[in-house]
Amino acid sequence: MKYLGLIWSNLKRKKLRTVLTLLSIFVAFLLFGFLFAIKDAFGAGVKMADADRLIVRHKVSFIQPLPVSYGARIGQVPGVQDVTHLTWFGGIYQDPKNFFASMPVDQDQFFVLYPEYTLPPDQLYHWKKTRNGAIVGRSLADRKTLNWKVGDIVPITSPIWGQPANQPAWNFEICGIFDTTKKSADTSTLYFRYDYFDEARTRGKGEVGWYTIRIAKNAAPEAVAKKIDEQFANSPYETKTETEAAMMTGFAQQMGDIGAILIAVLSAVFFTILLVAGNTMSQSVRERTEEIGVLKAIGFSGTLVLLLVLAESCVIALLAGLAGLGVAWMLLAIKNPVAQWFPVLQVPDEAMMLGAVLALGLGIATGVLPACYALRLRTAAALRRNG
């Protein structure tokens, strides 16, 4: 601690250079935080996935429907404990910009399969008694362009399903606002009753998007999935059954390998920053050759001089790196600018810890060569070089 003043004095020697170095590292770690938040947002569905849940979808494509009658047959497969179905609706409220995830579901089975969502009992009761009732997630209800409350009547349109029979729009009554017990769970979806949807739609009656099932505790997911798919083999609606995590991973990978893209971008950024910061530290140490000689002359050991140079490099990297991570975390915590596409957008804790380790590593990597130069520098040579 007694050498902090000396380190601080060295940082103030060339203020503009120090500031520019700090800014370059700050921007790199700000980008690091944002990219990791996006990567985490793509994988939010995987994190939320339950190990005991399987998804049964059409074998050809996720967008192909399945008959609603499949639900009873799936429920009779050994190892299946609970079954429900969901269908993508794709609702829009007033303006195309107000697009959000929305799905018709079985109001009696939905919370059985998704216990991570919580709804007050009175609101759940009201939803089950209201034919055109809907429930919305907390983050969706609080969206500034919506600001929905329980009791509101909201007209929704769907580019997929068009208008309901004899109505210009789908009119839903907000019966409840649900929250979640999982940090990574999405609360930006509207759910409404399937019976109302199936009765009012003009096409696709008796069909659903996919099934979610919960298997028994002692059942093997692979065995249950195989039995389900064998039951519907060679039918007009063949199925593909997989774990919820596998389905979410496959869905995210349709947009590309986000992890590989992230690593490529960050590698290029950090390599550039490594060169910039390393050159800055090397230049700074060479400018202080005579001062290093004086320090050694008055009793500073070579090891201590090496540690001082490394400490200076690490201070720069940690100050700027942690500041960049902190600003990224704070900005996303205050407001999610892309809530429409990424409802869960935050810098994960593991990214903050990894960023701190990378900042320290960057400080050591950029300071090790200048520090070794200072260690090997002979006192007489240093004093004579600038004498």
# chains A, B, ... in the order shown; residues from 1 in each chain; ligands from 1
call {"tool": "select_by_dssp", "arguments": {"residues": "stretch 76-232 of chain A", "states": "alpha helix (DSSP H)", "output": "ChimeraX atom specification"}}
result
/A:110-113,121-129,138-141,194-200,221-231
call {"tool": "select_by_dssp", "arguments": {"residues": "stretch 155-369 of chain A", "states": "strand (DSSP E or B)", "output": "number ranges by chain"}}
result
A: 155-157, 170-180, 189-193, 207-208, 210-215, 239-243
call {"tool": "atom_distance", "arguments": {"atom1": "atom CA of A:Leu274", "atom2": "atom CA of A:Gly321"}}
result
12.7 Å
call {"tool": "closest_residue", "arguments": {"among": "A:Thr181, A:Ile174, A:Ile213, A:Leu140", "to": "A:Ile74", "atoms": "only C-alpha atoms"}}
result
A:Ile213
call {"tool": "atom_distance", "arguments": {"atom1": "atom CA of A:Gly79", "atom2": "atom CA of A:Pro221"}}
result
8.6 Å
call {"tool": "residues_around", "arguments": {"residues": "A:Glu242", "least_positions_apart": "6", "cutoff": "7 Å", "atoms": "only C-alpha atoms", "output": "VMD selection string"}}
result
chain A and resid 54 to 56 225
call {"tool": "closest_residue", "arguments": {"among": "A:Gly162, A:Gly91, A:Gly278, A:Pro96", "to": "A:Leu362", "atoms": "only C-alpha atoms"}}
result
A:Gly278
call {"tool": "closest_residue", "arguments": {"among": "A:Ala333, A:Met103, A:Cys314, A:Ile63", "to": "A:Ala356", "atoms": "only C-alpha atoms"}}
result
A:Cys314
call {"tool": "residues_around", "arguments": {"residues": "stretch 120-135 of chain A", "least_positions_apart": "2", "cutoff": "9 Å", "atoms": "only C-alpha atoms", "output": "JSON list (two decimals) with C-alpha atoms, in the first residue's frame"}}
result
[["chain", "number", "residue", "atom", "x", "y", "z"],
["A", 104, "PRO", "CA", -53.12, -20.08, -26.41],
["A", 107, "GLN", "CA", -55.62, -23.03, -18.55],
["A", 108, "ASP", "CA", -55.97, -26.10, -16.32],
["A", 118, "THR", "CA", -46.64, -17.64, -10.14],
["A", 137, "GLY", "CA", -45.97, -11.51, -17.63],
["A", 150, "VAL", "CA", -55.76, -6.32, -14.47],
["A", 170, "TRP", "CA", -59.04, -10.65, -30.68],
["A", 171, "ASN", "CA", -60.33, -8.93, -27.57],
["A", 172, "PHE", "CA", -58.77, -10.24, -24.37],
["A", 173, "GLU", "CA", -59.50, -9.32, -20.78],
["A", 174, "ILE", "CA", -56.38, -9.13, -18.63],
["A", 175, "CYS", "CA", -57.24, -11.42, -15.74],
["A", 176, "GLY", "CA", -53.85, -11.62, -14.09],
["A", 177, "ILE", "CA", -50.18, -10.63, -14.13],
["A", 178, "PHE", "CA", -47.74, -13.44, -13.42],
["A", 189, "THR", "CA", -45.46, -13.34, -22.84],
["A", 190, "LEU", "CA", -49.25, -13.24, -22.98],
["A", 191, "TYR", "CA", -51.13, -16.51, -22.48],
["A", 192, "PHE", "CA", -54.83, -17.00, -23.19],
["A", 193, "ARG", "CA", -57.31, -19.84, -23.26],
["A", 195, "ASP", "CA", -60.78, -23.17, -26.10],
["A", 196, "TYR", "CA", -61.59, -19.53, -26.90],
["A", 197, "PHE", "CA", -58.88, -19.45, -29.57]]
call {"tool": "atom_distance", "arguments": {"atom1": "atom CA of A:Ile25", "atom2": "atom CA of A:Ala317"}}
result
6.7 Å
call {"tool": "residues_around", "arguments": {"residues": "A:Phe62", "least_positions_apart": "4", "cutoff": "9 Å", "atoms": "only C-alpha atoms", "output": "list in words"}}
result
Arg57, His58, Gly209 and Trp210 of chain A
call {"tool": "write_last_selection", "arguments": {"atoms": "N, CA and C atoms", "output": "compact mmCIF listing (two decimals), in the first residue's frame"}}
result
# COMPACT_ATOMS: atom_id res chain seq x y z
N ARG A 57 -42.89 -32.15 -30.87
CA ARG A 57 -43.23 -31.27 -32.00
C ARG A 57 -43.33 -32.09 -33.28
N HIS A 58 -43.73 -31.45 -34.36
CA HIS A 58 -43.81 -32.11 -35.65
C HIS A 58 -42.41 -32.47 -36.12
N GLY A 209 -49.61 -26.20 -31.59
CA GLY A 209 -48.24 -26.04 -32.06
C GLY A 209 -47.31 -27.15 -31.62
N TRP A 210 -47.27 -27.42 -30.33
CA TRP A 210 -46.42 -28.48 -29.77
C TRP A 210 -46.92 -28.85 -28.39
call {"tool": "closest_residue", "arguments": {"among": "A:Gln64, A:Asp52, A:Gly206, A:Ser24", "to": "A:Lys240", "atoms": "only C-alpha atoms"}}
result
A:Gln64
call {"tool": "residues_around", "arguments": {"residues": "A:Leu325", "least_positions_apart": "2", "cutoff": "8 Å", "atoms": "only C-alpha atoms", "output": "MDAnalysis selection string"}}
result
chainID A and resid 29:30 32:33 321:323 327:329 352 355
call {"tool": "closest_residue", "arguments": {"among": "A:Val357, A:Ala185, A:Ala371, A:Ile273", "to": "A:Ala311", "atoms": "only C-alpha atoms"}}
result
A:Ala371
call {"tool": "closest_residue", "arguments": {"among": "A:Thr84, A:Gln167, A:Gln283, A:Ser313", "to": "A:Gln109", "atoms": "only C-alpha atoms"}}
result
A:Thr84
call {"tool": "residues_around", "arguments": {"residues": "A:Ala277", "least_positions_apart": "3", "cutoff": "12 Å", "atoms": "only C-alpha atoms", "output": "count of residues only"}}
result
37
call {"tool": "decode", "arguments": {"residues": "stretch 52-91 of chain A", "atoms": "N, CA and C atoms", "output": "PDB file, in the first residue's frame"}}
result
ATOM      1  N   ASP A  52     -36.895 -32.310 -16.410  1.00  0.00           N
ATOM      2  CA  ASP A  52     -37.977 -33.291 -16.469  1.00  0.00           C
ATOM      3  C   ASP A  52     -39.010 -32.979 -17.547  1.00  0.00           C
ATOM      4  N   ARG A  53     -38.778 -31.924 -18.324  1.00  0.00           N
ATOM      5  CA  ARG A  53     -39.737 -31.558 -19.366  1.00  0.00           C
ATOM      6  C   ARG A  53     -39.230 -31.959 -20.741  1.00  0.00           C
ATOM      7  N   LEU A  54     -40.128 -32.521 -21.540  1.00  0.00           N
ATOM      8  CA  LEU A  54     -39.838 -32.869 -22.927  1.00  0.00           C
ATOM      9  C   LEU A  54     -40.769 -32.081 -23.835  1.00  0.00           C
ATOM     10  N   ILE A  55     -40.301 -31.832 -25.047  1.00  0.00           N
ATOM     11  CA  ILE A  55     -41.103 -31.137 -26.049  1.00  0.00           C
ATOM     12  C   ILE A  55     -41.414 -32.108 -27.184  1.00  0.00           C
ATOM     13  N   VAL A  56     -42.685 -32.214 -27.539  1.00  0.00           N
ATOM     14  CA  VAL A  56     -43.123 -33.056 -28.655  1.00  0.00           C
ATOM     15  C   VAL A  56     -43.590 -32.119 -29.766  1.00  0.00           C
ATOM     16  N   ARG A  57     -42.885 -32.150 -30.874  1.00  0.00           N
ATOM     17  CA  ARG A  57     -43.229 -31.271 -31.996  1.00  0.00           C
ATOM     18  C   ARG A  57     -43.329 -32.088 -33.276  1.00  0.00           C
ATOM     19  N   HIS A  58     -43.732 -31.445 -34.359  1.00  0.00           N
ATOM     20  CA  HIS A  58     -43.814 -32.114 -35.651  1.00  0.00           C
ATOM     21  C   HIS A  58     -42.410 -32.473 -36.118  1.00  0.00           C
ATOM     22  N   LYS A  59     -42.275 -33.644 -36.701  1.00  0.00           N
ATOM     23  CA  LYS A  59     -40.959 -34.125 -37.106  1.00  0.00           C
ATOM     24  C   LYS A  59     -40.332 -33.276 -38.202  1.00  0.00           C
ATOM     25  N   VAL A  60     -41.154 -32.729 -39.084  1.00  0.00           N
ATOM     26  CA  VAL A  60     -40.635 -31.972 -40.223  1.00  0.00           C
ATOM     27  C   VAL A  60     -40.127 -30.602 -39.800  1.00  0.00           C
ATOM     28  N   SER A  61     -40.939 -29.879 -39.027  1.00  0.00           N
ATOM     29  CA  SER A  61     -40.575 -28.512 -38.661  1.00  0.00           C
ATOM     30  C   SER A  61     -41.321 -28.096 -37.404  1.00  0.00           C
ATOM     31  N   PHE A  62     -40.704 -27.194 -36.686  1.00  0.00           N
ATOM     32  CA  PHE A  62     -41.324 -26.697 -35.455  1.00  0.00           C
ATOM     33  C   PHE A  62     -42.616 -25.942 -35.739  1.00  0.00           C
ATOM     34  N   ILE A  63     -42.723 -25.363 -36.934  1.00  0.00           N
ATOM     35  CA  ILE A  63     -43.913 -24.561 -37.249  1.00  0.00           C
ATOM     36  C   ILE A  63     -45.076 -25.405 -37.751  1.00  0.00           C
ATOM     37  N   GLN A  64     -44.843 -26.690 -38.006  1.00  0.00           N
ATOM     38  CA  GLN A  64     -45.927 -27.562 -38.442  1.00  0.00           C
ATOM     39  C   GLN A  64     -46.780 -27.952 -37.233  1.00  0.00           C
ATOM     40  N   PRO A  65     -48.129 -27.916 -37.358  1.00  0.00           N
ATOM     41  CA  PRO A  65     -48.995 -28.215 -36.207  1.00  0.00           C
ATOM     42  C   PRO A  65     -49.162 -29.705 -35.961  1.00  0.00           C
ATOM     43  N   LEU A  66     -49.719 -30.013 -34.800  1.00  0.00           N
ATOM     44  CA  LEU A  66     -50.066 -31.380 -34.424  1.00  0.00           C
ATOM     45  C   LEU A  66     -51.539 -31.411 -34.018  1.00  0.00           C
ATOM     46  N   PRO A  67     -52.204 -32.526 -34.161  1.00  0.00           N
ATOM     47  CA  PRO A  67     -53.620 -32.614 -33.742  1.00  0.00           C
ATOM     48  C   PRO A  67     -53.744 -32.488 -32.222  1.00  0.00           C
ATOM     49  N   VAL A  68     -54.791 -31.835 -31.775  1.00  0.00           N
ATOM     50  CA  VAL A  68     -55.021 -31.705 -30.345  1.00  0.00           C
ATOM     51  C   VAL A  68     -55.339 -33.053 -29.716  1.00  0.00           C
ATOM     52  N   SER A  69     -55.785 -34.001 -30.538  1.00  0.00           N
ATOM     53  CA  SER A  69     -56.093 -35.349 -30.023  1.00  0.00           C
ATOM     54  C   SER A  69     -54.845 -36.102 -29.590  1.00  0.00           C
ATOM     55  N   TYR A  70     -53.682 -35.667 -30.028  1.00  0.00           N
ATOM     56  CA  TYR A  70     -52.449 -36.340 -29.636  1.00  0.00           C
ATOM     57  C   TYR A  70     -52.213 -36.239 -28.126  1.00  0.00           C
ATOM     58  N   GLY A  71     -52.781 -35.214 -27.486  1.00  0.00           N
ATOM     59  CA  GLY A  71     -52.533 -34.999 -26.072  1.00  0.00           C
ATOM     60  C   GLY A  71     -52.934 -36.189 -25.217  1.00  0.00           C
ATOM     61  N   ALA A  72     -54.122 -36.730 -25.478  1.00  0.00           N
ATOM     62  CA  ALA A  72     -54.605 -37.873 -24.699  1.00  0.00           C
ATOM     63  C   ALA A  72     -53.745 -39.102 -24.940  1.00  0.00           C
ATOM     64  N   ARG A  73     -53.304 -39.304 -26.174  1.00  0.00           N
ATOM     65  CA  ARG A  73     -52.483 -40.476 -26.499  1.00  0.00           C
ATOM     66  C   ARG A  73     -51.096 -40.359 -25.881  1.00  0.00           C
ATOM     67  N   ILE A  74     -50.550 -39.145 -25.877  1.00  0.00           N
ATOM     68  CA  ILE A  74     -49.241 -38.943 -25.255  1.00  0.00           C
ATOM     69  C   ILE A  74     -49.322 -39.185 -23.757  1.00  0.00           C
ATOM     70  N   GLY A  75     -50.425 -38.757 -23.151  1.00  0.00           N
ATOM     71  CA  GLY A  75     -50.599 -38.932 -21.720  1.00  0.00           C
ATOM     72  C   GLY A  75     -50.653 -40.383 -21.286  1.00  0.00           C
ATOM     73  N   GLN A  76     -50.971 -41.304 -22.218  1.00  0.00           N
ATOM     74  CA  GLN A  76     -51.053 -42.729 -21.886  1.00  0.00           C
ATOM     75  C   GLN A  76     -49.721 -43.455 -22.048  1.00  0.00           C
ATOM     76  N   VAL A  77     -48.709 -42.754 -22.559  1.00  0.00           N
ATOM     77  CA  VAL A  77     -47.394 -43.389 -22.733  1.00  0.00           C
ATOM     78  C   VAL A  77     -46.752 -43.604 -21.365  1.00  0.00           C
ATOM     79  N   PRO A  78     -46.239 -44.809 -21.085  1.00  0.00           N
ATOM     80  CA  PRO A  78     -45.595 -45.062 -19.790  1.00  0.00           C
ATOM     81  C   PRO A  78     -44.445 -44.070 -19.543  1.00  0.00           C
ATOM     82  N   GLY A  79     -44.418 -43.520 -18.353  1.00  0.00           N
ATOM     83  CA  GLY A  79     -43.383 -42.557 -18.000  1.00  0.00           C
ATOM     84  C   GLY A  79     -43.814 -41.115 -18.125  1.00  0.00           C
ATOM     85  N   VAL A  80     -44.945 -40.849 -18.788  1.00  0.00           N
ATOM     86  CA  VAL A  80     -45.456 -39.481 -18.936  1.00  0.00           C
ATOM     87  C   VAL A  80     -46.349 -39.156 -17.738  1.00  0.00           C
ATOM     88  N   GLN A  81     -46.039 -38.079 -17.060  1.00  0.00           N
ATOM     89  CA  GLN A  81     -46.801 -37.696 -15.869  1.00  0.00           C
ATOM     90  C   GLN A  81     -47.853 -36.637 -16.163  1.00  0.00           C
ATOM     91  N   ASP A  82     -47.469 -35.576 -16.878  1.00  0.00           N
ATOM     92  CA  ASP A  82     -48.408 -34.490 -17.212  1.00  0.00           C
ATOM     93  C   ASP A  82     -48.170 -34.041 -18.651  1.00  0.00           C
ATOM     94  N   VAL A  83     -49.231 -33.528 -19.255  1.00  0.00           N
ATOM     95  CA  VAL A  83     -49.161 -33.077 -20.647  1.00  0.00           C
ATOM     96  C   VAL A  83     -49.922 -31.764 -20.787  1.00  0.00           C
ATOM     97  N   THR A  84     -49.368 -30.856 -21.577  1.00  0.00           N
ATOM     98  CA  THR A  84     -50.119 -29.660 -21.976  1.00  0.00           C
ATOM     99  C   THR A  84     -49.650 -29.272 -23.377  1.00  0.00           C
ATOM    100  N   HIS A  85     -50.318 -28.326 -23.983  1.00  0.00           N
ATOM    101  CA  HIS A  85     -49.945 -27.903 -25.333  1.00  0.00           C
ATOM    102  C   HIS A  85     -49.876 -26.386 -25.414  1.00  0.00           C
ATOM    103  N   LEU A  86     -49.084 -25.910 -26.361  1.00  0.00           N
ATOM    104  CA  LEU A  86     -48.939 -24.483 -26.625  1.00  0.00           C
ATOM    105  C   LEU A  86     -48.964 -24.272 -28.133  1.00  0.00           C
ATOM    106  N   THR A  87     -49.354 -23.089 -28.547  1.00  0.00           N
ATOM    107  CA  THR A  87     -49.412 -22.739 -29.965  1.00  0.00           C
ATOM    108  C   THR A  87     -48.938 -21.295 -30.127  1.00  0.00           C
ATOM    109  N   TRP A  88     -48.067 -21.070 -31.085  1.00  0.00           N
ATOM    110  CA  TRP A  88     -47.577 -19.721 -31.302  1.00  0.00           C
ATOM    111  C   TRP A  88     -48.670 -18.851 -31.940  1.00  0.00           C
ATOM    112  N   PHE A  89     -48.885 -17.676 -31.365  1.00  0.00           N
ATOM    113  CA  PHE A  89     -49.928 -16.771 -31.853  1.00  0.00           C
ATOM    114  C   PHE A  89     -49.327 -15.514 -32.481  1.00  0.00           C
ATOM    115  N   GLY A  90     -48.309 -14.940 -31.848  1.00  0.00           N
ATOM    116  CA  GLY A  90     -47.646 -13.768 -32.416  1.00  0.00           C
ATOM    117  C   GLY A  90     -48.512 -12.532 -32.410  1.00  0.00           C
ATOM    118  N   GLY A  91     -48.848 -12.024 -31.229  1.00  0.00           N
ATOM    119  CA  GLY A  91     -49.772 -10.909 -31.126  1.00  0.00           C
ATOM    120  C   GLY A  91     -49.147  -9.549 -31.361  1.00  0.00           C
TER     121      GLY A  91
END
